[in-house]
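Asks: Input file: input_36.cif. Contents: mmCIF, C-alpha atoms; chains and numbers go by the auth columns.
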```
data_model
loop_
_atom_site.group_PDB
_atom_site.id
_atom_site.type_symbol
_atom_site.label_atom_id
_atom_site.label_comp_id
_atom_site.label_asym_id
_atom_site.label_seq_id
_atom_site.Cartn_x
_atom_site.Cartn_y
_atom_site.Cartn_z
_atom_site.B_iso_or_equiv
_atom_site.auth_seq_id
_atom_site.auth_asym_id
ATOM 1 C CA MET A 1 0.000 0.000 0.000 0.00 1 A
ATOM 2 C CA PRO A 2 1.484 3.388 -0.974 0.00 2 A
ATOM 3 C CA ILE A 3 2.592 5.833 1.700 0.00 3 A
ATOM 4 C CA VAL A 4 1.488 9.431 1.111 0.00 4 A
ATOM 5 C CA LYS A 5 2.758 12.664 2.657 0.00 5 A
ATOM 6 C CA THR A 6 1.381 16.113 1.897 0.00 6 A
ATOM 7 C CA LEU A 7 3.371 19.356 2.009 0.00 7 A
ATOM 8 C CA LEU A 8 2.761 23.016 1.303 0.00 8 A
ATOM 9 C CA TRP A 9 5.521 25.011 -0.378 0.00 9 A
ATOM 10 C CA ARG A 10 4.734 28.705 0.006 0.00 10 A
ATOM 11 C CA ASP A 11 7.518 29.858 -2.317 0.00 11 A
ATOM 12 C CA GLU A 12 10.490 28.737 -4.381 0.00 12 A
ATOM 13 C CA ALA A 13 12.707 28.823 -1.299 0.00 13 A
ATOM 14 C CA ALA A 14 10.592 25.992 0.147 0.00 14 A
ATOM 15 C CA THR A 15 11.110 24.023 -3.073 0.00 15 A
ATOM 16 C CA GLU A 16 14.856 24.553 -2.788 0.00 16 A
ATOM 17 C CA LYS A 17 14.865 23.512 0.894 0.00 17 A
ATOM 18 C CA PHE A 18 13.032 20.295 0.006 0.00 18 A
ATOM 19 C CA ALA A 19 15.477 19.600 -2.848 0.00 19 A
ATOM 20 C CA ARG A 20 18.474 20.087 -0.543 0.00 20 A
ATOM 21 C CA ALA A 21 16.975 17.711 2.043 0.00 21 A
ATOM 22 C CA LEU A 22 16.229 15.115 -0.643 0.00 22 A
ATOM 23 C CA ALA A 23 19.788 15.396 -2.018 0.00 23 A
ATOM 24 C CA GLU A 24 21.144 14.422 1.404 0.00 24 A
ATOM 25 C CA VAL A 25 19.309 11.076 1.450 0.00 25 A
ATOM 26 C CA PRO A 26 21.752 8.332 0.366 0.00 26 A
ATOM 27 C CA GLU A 27 18.993 6.137 -1.127 0.00 27 A
ATOM 28 C CA LEU A 28 18.190 8.883 -3.615 0.00 28 A
ATOM 29 C CA ARG A 29 21.116 7.695 -5.729 0.00 29 A
ATOM 30 C CA LEU A 30 19.177 4.545 -6.677 0.00 30 A
ATOM 31 C CA ALA A 31 15.701 6.041 -7.037 0.00 31 A
ATOM 32 C CA TYR A 32 13.259 6.547 -9.850 0.00 32 A
ATOM 33 C CA ILE A 33 11.156 9.642 -9.113 0.00 33 A
ATOM 34 C CA GLU A 34 8.193 10.777 -11.153 0.00 34 A
ATOM 35 C CA LEU A 35 7.196 14.434 -11.178 0.00 35 A
ATOM 36 C CA GLN A 36 3.562 15.093 -11.955 0.00 36 A
ATOM 37 C CA GLY A 37 1.588 18.296 -12.351 0.00 37 A
ATOM 38 C CA ASP A 38 0.279 20.754 -14.892 0.00 38 A
ATOM 39 C CA LEU A 39 2.453 23.002 -17.034 0.00 39 A
ATOM 40 C CA GLY A 40 4.025 25.610 -14.780 0.00 40 A
ATOM 41 C CA ALA A 41 3.521 23.614 -11.590 0.00 41 A
ATOM 42 C CA GLY A 42 7.249 23.643 -10.803 0.00 42 A
ATOM 43 C CA LYS A 43 8.486 20.222 -11.879 0.00 43 A
ATOM 44 C CA THR A 44 11.549 21.504 -13.740 0.00 44 A
ATOM 45 C CA THR A 45 12.262 24.042 -10.994 0.00 45 A
ATOM 46 C CA LEU A 46 12.343 21.225 -8.439 0.00 46 A
ATOM 47 C CA VAL A 47 14.680 19.192 -10.655 0.00 47 A
ATOM 48 C CA ARG A 48 17.022 22.169 -11.117 0.00 48 A
ATOM 49 C CA HIS A 49 17.233 22.741 -7.365 0.00 49 A
ATOM 50 C CA LEU A 50 17.821 19.035 -6.783 0.00 50 A
ATOM 51 C CA LEU A 51 20.567 18.819 -9.419 0.00 51 A
ATOM 52 C CA ARG A 52 22.288 21.903 -7.949 0.00 52 A
ATOM 53 C CA ALA A 53 22.064 20.366 -4.471 0.00 53 A
ATOM 54 C CA LEU A 54 23.673 17.197 -5.836 0.00 54 A
ATOM 55 C CA GLY A 55 26.557 19.239 -7.270 0.00 55 A
ATOM 56 C CA VAL A 56 25.694 19.771 -10.931 0.00 56 A
ATOM 57 C CA GLN A 57 27.555 22.814 -12.240 0.00 57 A
ATOM 58 C CA GLY A 58 26.810 24.855 -15.340 0.00 58 A
ATOM 59 C CA ARG A 59 23.608 25.100 -17.306 0.00 59 A
ATOM 60 C CA ILE A 60 20.778 22.726 -16.455 0.00 60 A
ATOM 61 C CA LYS A 61 18.618 22.331 -19.539 0.00 61 A
ATOM 62 C CA SER A 62 15.054 21.135 -19.741 0.00 62 A
ATOM 63 C CA PRO A 63 14.956 17.885 -21.731 0.00 63 A
ATOM 64 C CA THR A 64 11.661 18.761 -23.414 0.00 64 A
ATOM 65 C CA TYR A 65 13.016 18.310 -26.946 0.00 65 A
ATOM 66 C CA ALA A 66 15.832 15.850 -26.256 0.00 66 A
ATOM 67 C CA VAL A 67 13.589 13.715 -23.973 0.00 67 A
ATOM 68 C CA VAL A 68 16.546 13.016 -21.650 0.00 68 A
ATOM 69 C CA GLU A 69 19.461 15.014 -20.266 0.00 69 A
ATOM 70 C CA PRO A 70 22.195 12.979 -18.571 0.00 70 A
ATOM 71 C CA TYR A 71 24.414 14.350 -15.792 0.00 71 A
ATOM 72 C CA GLU A 72 27.674 12.783 -14.686 0.00 72 A
ATOM 73 C CA LEU A 73 28.817 13.508 -11.156 0.00 73 A
ATOM 74 C CA PRO A 74 31.915 11.933 -9.610 0.00 74 A
ATOM 75 C CA ASP A 75 29.861 9.355 -7.698 0.00 75 A
ATOM 76 C CA LEU A 76 26.462 9.517 -9.367 0.00 76 A
ATOM 77 C CA HIS A 77 24.746 9.206 -12.741 0.00 77 A
ATOM 78 C CA VAL A 78 21.534 11.230 -13.100 0.00 78 A
ATOM 79 C CA TRP A 79 19.045 11.143 -15.976 0.00 79 A
ATOM 80 C CA HIS A 80 16.364 13.820 -16.270 0.00 80 A
ATOM 81 C CA PHE A 81 13.552 12.730 -18.576 0.00 81 A
ATOM 82 C CA ASP A 82 10.751 14.854 -19.975 0.00 82 A
ATOM 83 C CA PHE A 83 8.213 12.674 -21.764 0.00 83 A
ATOM 84 C CA TYR A 84 5.936 15.573 -22.744 0.00 84 A
ATOM 85 C CA ARG A 85 6.589 14.994 -26.469 0.00 85 A
ATOM 86 C CA PHE A 86 6.954 11.221 -26.183 0.00 86 A
ATOM 87 C CA SER A 87 4.437 9.455 -28.411 0.00 87 A
ATOM 88 C CA ASP A 88 5.878 6.233 -29.802 0.00 88 A
ATOM 89 C CA PRO A 89 6.781 3.309 -27.526 0.00 89 A
ATOM 90 C CA ARG A 90 9.323 2.160 -30.147 0.00 90 A
ATOM 91 C CA GLU A 91 11.259 5.306 -29.271 0.00 91 A
ATOM 92 C CA TRP A 92 11.740 3.801 -25.793 0.00 92 A
ATOM 93 C CA LEU A 93 13.701 0.885 -27.202 0.00 93 A
ATOM 94 C CA ASP A 94 15.469 2.854 -29.945 0.00 94 A
ATOM 95 C CA ALA A 95 16.729 5.458 -27.471 0.00 95 A
ATOM 96 C CA GLY A 96 18.053 2.847 -25.041 0.00 96 A
ATOM 97 C CA PHE A 97 15.802 3.959 -22.184 0.00 97 A
ATOM 98 C CA ARG A 98 15.306 0.367 -21.032 0.00 98 A
ATOM 99 C CA ASP A 99 19.061 0.115 -20.437 0.00 99 A
ATOM 100 C CA ILE A 100 19.117 3.441 -18.573 0.00 100 A
ATOM 101 C CA PHE A 101 16.312 2.374 -16.247 0.00 101 A
ATOM 102 C CA ALA A 102 18.065 -0.969 -15.643 0.00 102 A
ATOM 103 C CA SER A 103 21.302 0.766 -14.622 0.00 103 A
ATOM 104 C CA SER A 104 22.128 2.291 -11.262 0.00 104 A
ATOM 105 C CA GLY A 105 21.716 6.004 -10.727 0.00 105 A
ATOM 106 C CA LEU A 106 18.984 8.556 -10.181 0.00 106 A
ATOM 107 C CA LYS A 107 16.176 8.843 -12.725 0.00 107 A
ATOM 108 C CA LEU A 108 13.820 11.835 -12.671 0.00 108 A
ATOM 109 C CA ALA A 109 10.854 11.889 -15.057 0.00 109 A
ATOM 110 C CA GLU A 110 8.466 14.686 -15.919 0.00 110 A
ATOM 111 C CA TRP A 111 5.220 13.755 -17.707 0.00 111 A
ATOM 112 C CA PRO A 112 5.679 10.010 -16.961 0.00 112 A
ATOM 113 C CA GLU A 113 2.066 9.316 -17.935 0.00 113 A
ATOM 114 C CA LYS A 114 3.064 9.967 -21.577 0.00 114 A
ATOM 115 C CA ALA A 115 5.359 6.926 -21.342 0.00 115 A
ATOM 116 C CA ALA A 116 2.886 4.720 -19.471 0.00 116 A
ATOM 117 C CA GLY A 117 3.599 1.067 -20.048 0.00 117 A
ATOM 118 C CA CYS A 118 7.276 1.777 -20.623 0.00 118 A
ATOM 119 C CA VAL A 119 8.468 3.257 -17.337 0.00 119 A
ATOM 120 C CA PRO A 120 8.793 1.060 -14.264 0.00 120 A
ATOM 121 C CA LEU A 121 6.912 1.629 -11.023 0.00 121 A
ATOM 122 C CA ALA A 122 8.221 4.832 -9.469 0.00 122 A
ATOM 123 C CA ASP A 123 9.864 4.657 -6.065 0.00 123 A
ATOM 124 C CA LEU A 124 8.460 8.097 -5.321 0.00 124 A
ATOM 125 C CA VAL A 125 5.852 10.244 -7.065 0.00 125 A
ATOM 126 C CA VAL A 126 5.952 13.992 -6.454 0.00 126 A
ATOM 127 C CA ARG A 127 2.682 15.645 -7.470 0.00 127 A
ATOM 128 C CA LEU A 128 2.677 19.460 -7.611 0.00 128 A
ATOM 129 C CA GLU A 129 -0.475 21.568 -7.702 0.00 129 A
ATOM 130 C CA VAL A 130 -0.527 25.376 -7.839 0.00 130 A
ATOM 131 C CA ASP A 131 -2.817 27.115 -5.339 0.00 131 A
ATOM 132 C CA ASP A 132 -4.505 30.462 -5.958 0.00 132 A
ATOM 133 C CA ASP A 133 -1.767 32.273 -4.021 0.00 133 A
ATOM 134 C CA ALA A 134 0.979 30.620 -6.169 0.00 134 A
ATOM 135 C CA SER A 135 2.037 28.294 -3.355 0.00 135 A
ATOM 136 C CA ARG A 136 2.367 24.604 -4.199 0.00 136 A
ATOM 137 C CA ARG A 137 0.478 21.715 -2.673 0.00 137 A
ATOM 138 C CA VAL A 138 2.775 18.734 -2.884 0.00 138 A
ATOM 139 C CA SER A 139 1.897 15.107 -2.394 0.00 139 A
ATOM 140 C CA LEU A 140 4.679 12.573 -2.040 0.00 140 A
ATOM 141 C CA THR A 141 3.662 8.974 -2.701 0.00 141 A
ATOM 142 C CA ALA A 142 6.060 6.114 -2.019 0.00 142 A
ATOM 143 C CA HIS A 143 5.311 2.995 -4.060 0.00 143 A
ATOM 144 C CA THR A 144 8.353 0.914 -3.100 0.00 144 A
ATOM 145 C CA LYS A 145 10.476 0.116 -0.078 0.00 145 A
ATOM 146 C CA LEU A 146 13.100 2.541 -1.387 0.00 146 A
ATOM 147 C CA GLY A 147 10.444 5.248 -1.769 0.00 147 A
ATOM 148 C CA ALA A 148 9.250 4.658 1.805 0.00 148 A
ATOM 149 C CA SER A 149 12.842 4.991 2.985 0.00 149 A
ATOM 150 C CA LEU A 150 13.145 8.307 1.133 0.00 150 A
ATOM 151 C CA LEU A 151 10.014 9.589 2.907 0.00 151 A
ATOM 152 C CA ARG A 152 11.280 8.445 6.318 0.00 152 A
ATOM 153 C CA CYS A 153 14.581 10.216 5.758 0.00 153 A
ATOM 154 C CA LEU A 154 12.843 13.376 4.574 0.00 154 A
ATOM 155 C CA ASP A 155 10.722 13.320 7.740 0.00 155 A
ATOM 156 C CA ALA A 156 13.865 12.945 9.805 0.00 156 A
ATOM 157 C CA ALA A 157 15.546 15.802 7.932 0.00 157 A
ATOM 158 C CA SER A 158 12.615 18.131 8.525 0.00 158 A
ATOM 159 C CA LEU A 159 12.821 17.374 12.253 0.00 159 A
ATOM 160 C CA ASP A 160 16.613 17.837 12.350 0.00 160 A
ATOM 161 C CA ARG A 161 17.117 14.173 13.147 0.00 161 A
ATOM 162 C CA VAL A 162 19.599 11.834 11.545 0.00 162 A
ATOM 163 C CA CYS A 163 18.108 9.203 9.262 0.00 163 A
ATOM 164 C CA PRO A 164 19.162 5.642 10.120 0.00 164 A
#
```
Could I get this file's structure written as structure tokens?

Replies:
Amino acid sequence: MPIVKTLLWRDEAATEKFARALAEVPELRLAYIELQGDLGAGKTTLVRHLLRALGVQGRIKSPTYAVVEPYELPDLHVWHFDFYRFSDPREWLDAGFRDIFASSGLKLAEWPEKAAGCVPLADLVVRLEVDDDASRRVSLTAHTKLGASLLRCLDAASLDRVCP
């Protein structure tokens, strides 16, 4: 049964704080995280803050046209997918996405529903909704043991406790 947590991010600083806390969780390095929400909800902003917190330097591009942007860090491989323009499941095989998802490293996917049937079960789903005052309602849903561990560690981080 999925575990769900709900947050309210009043501004971009709250998004950045969450991204920094998530970057500190060791299990993140093996996770597949889906980012869901309407256009302009803040999915790419969250990814940019997370990549910065992980140590990515230089320009962080949205993979809207390329579908995936890879990032090589000294101790971590990260793939940022944007399936917004994804329409042909054959593209999944042709692009080698199956191999990427089978390898170790962090995978972040925007618009995962466009690749339904191709992507595996997400460890963690981050759903962003914009409120009238421009704050973000965020639901975090863990679908795997790894996802549940991420949520536990995020809870510990928000309470200034060390995650086991």

Asks: What do you get, as a list in words, if you spell out every residue that the PyMOL selection byres ((chain A and resi 126) around 8) selects here?

Replies: Ile33, Glu34, Leu35, Gln36, Leu124, Val125, Arg127, Leu128, Val138, Ser139, Leu140 and Thr141 of chain A

Asks: Sort by chain and increasing residue number a table of all residues of region 13-59 of chain A within 10 Å of region 144-154 of chain A, each with its closest pair of atoms and their distance in Å to one decimal, counting all atoms listed in the file, and write it as JSON lines.

Replies:
```
{"residue": "A:Phe18", "atom": "CA", "partner": "A:Leu154", "partner_atom": "CA", "distance": 8.3}
{"residue": "A:Ala21", "atom": "CA", "partner": "A:Leu154", "partner_atom": "CA", "distance": 6.5}
{"residue": "A:Leu22", "atom": "CA", "partner": "A:Leu154", "partner_atom": "CA", "distance": 6.5}
{"residue": "A:Ala23", "atom": "CA", "partner": "A:Leu154", "partner_atom": "CA", "distance": 9.8}
{"residue": "A:Glu24", "atom": "CA", "partner": "A:Cys153", "partner_atom": "CA", "distance": 8.9}
{"residue": "A:Val25", "atom": "CA", "partner": "A:Cys153", "partner_atom": "CA", "distance": 6.5}
{"residue": "A:Pro26", "atom": "CA", "partner": "A:Leu150", "partner_atom": "CA", "distance": 8.6}
{"residue": "A:Glu27", "atom": "CA", "partner": "A:Leu150", "partner_atom": "CA", "distance": 6.6}
{"residue": "A:Leu28", "atom": "CA", "partner": "A:Leu150", "partner_atom": "CA", "distance": 7.0}
{"residue": "A:Leu30", "atom": "CA", "partner": "A:Leu146", "partner_atom": "CA", "distance": 8.3}
{"residue": "A:Ala31", "atom": "CA", "partner": "A:Leu146", "partner_atom": "CA", "distance": 7.1}
{"residue": "A:Tyr32", "atom": "CA", "partner": "A:Gly147", "partner_atom": "CA", "distance": 8.7}
{"residue": "A:Ile33", "atom": "CA", "partner": "A:Gly147", "partner_atom": "CA", "distance": 8.6}
```

Asks: Quick one: apply the PyMOL selection byres ((chain A and resi 60-66) around 9) to the file and drop the selected residues here as JSON, numbers by chain.

Replies: {"A": [44, 48, 51, 52, 56, 57, 58, 59, 67, 68, 69, 80, 81, 82, 83, 84, 85]}

Asks: From the set A:Glu129, A:Leu121, A:Ala95, A:Ala19, which residue has the shortest atom-to-atom contact distance to Ala142 (chain A), counting all atoms listed in the file?

Replies: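 Closest to Ala142 (chain A) of all the choices is A:Leu121.
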
Asks: What does the structure give for the distance between CA of Pro89 (chain A) and CA of Ala122 (chain A), in Å to one decimal?

Replies: 18.2 Å

Asks: In Å, with one decimal, what is the gap from CA of Asp133 (chain A) to CA of Glu12 (chain A)?

Replies: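 Value for the CA of Asp133 (chain A)-CA of Glu12 (chain A) distance: 12.8 Å.
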
Asks: Starting from the shown file, work through the PyMOL selection byres ((chain A and resi 8) around 8) and note down what comes out as number ranges by chain.

Replies: A: 6-7, 9-10, 135-138

Asks: Output as AutoDock Vina command-line options the centre and edge lengths (Å, one decimal) of the box along x, y and z of the file that holds every listed atom of region 127-132 of chain A after adding 4 Å on each side.

Replies:
```
--center_x -0.9 --center_y 23.1 --center_z -6.6 --size_x 15.2 --size_y 22.8 --size_z 10.5
```

Asks: In Å, with one decimal, what is the gap from CA of Phe86 (chain A) to CA of Phe101 (chain A)?

Replies: 16.3 Å

Asks: Which residue is closest to Pro120 (chain A)? Choose from A:Gly40, A:Thr15, A:Thr45, A:Ile100 and count only C-alpha atoms.

Replies: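 Counting only C-alpha atoms, the residue closest to Pro120 (chain A) is A:Ile100.
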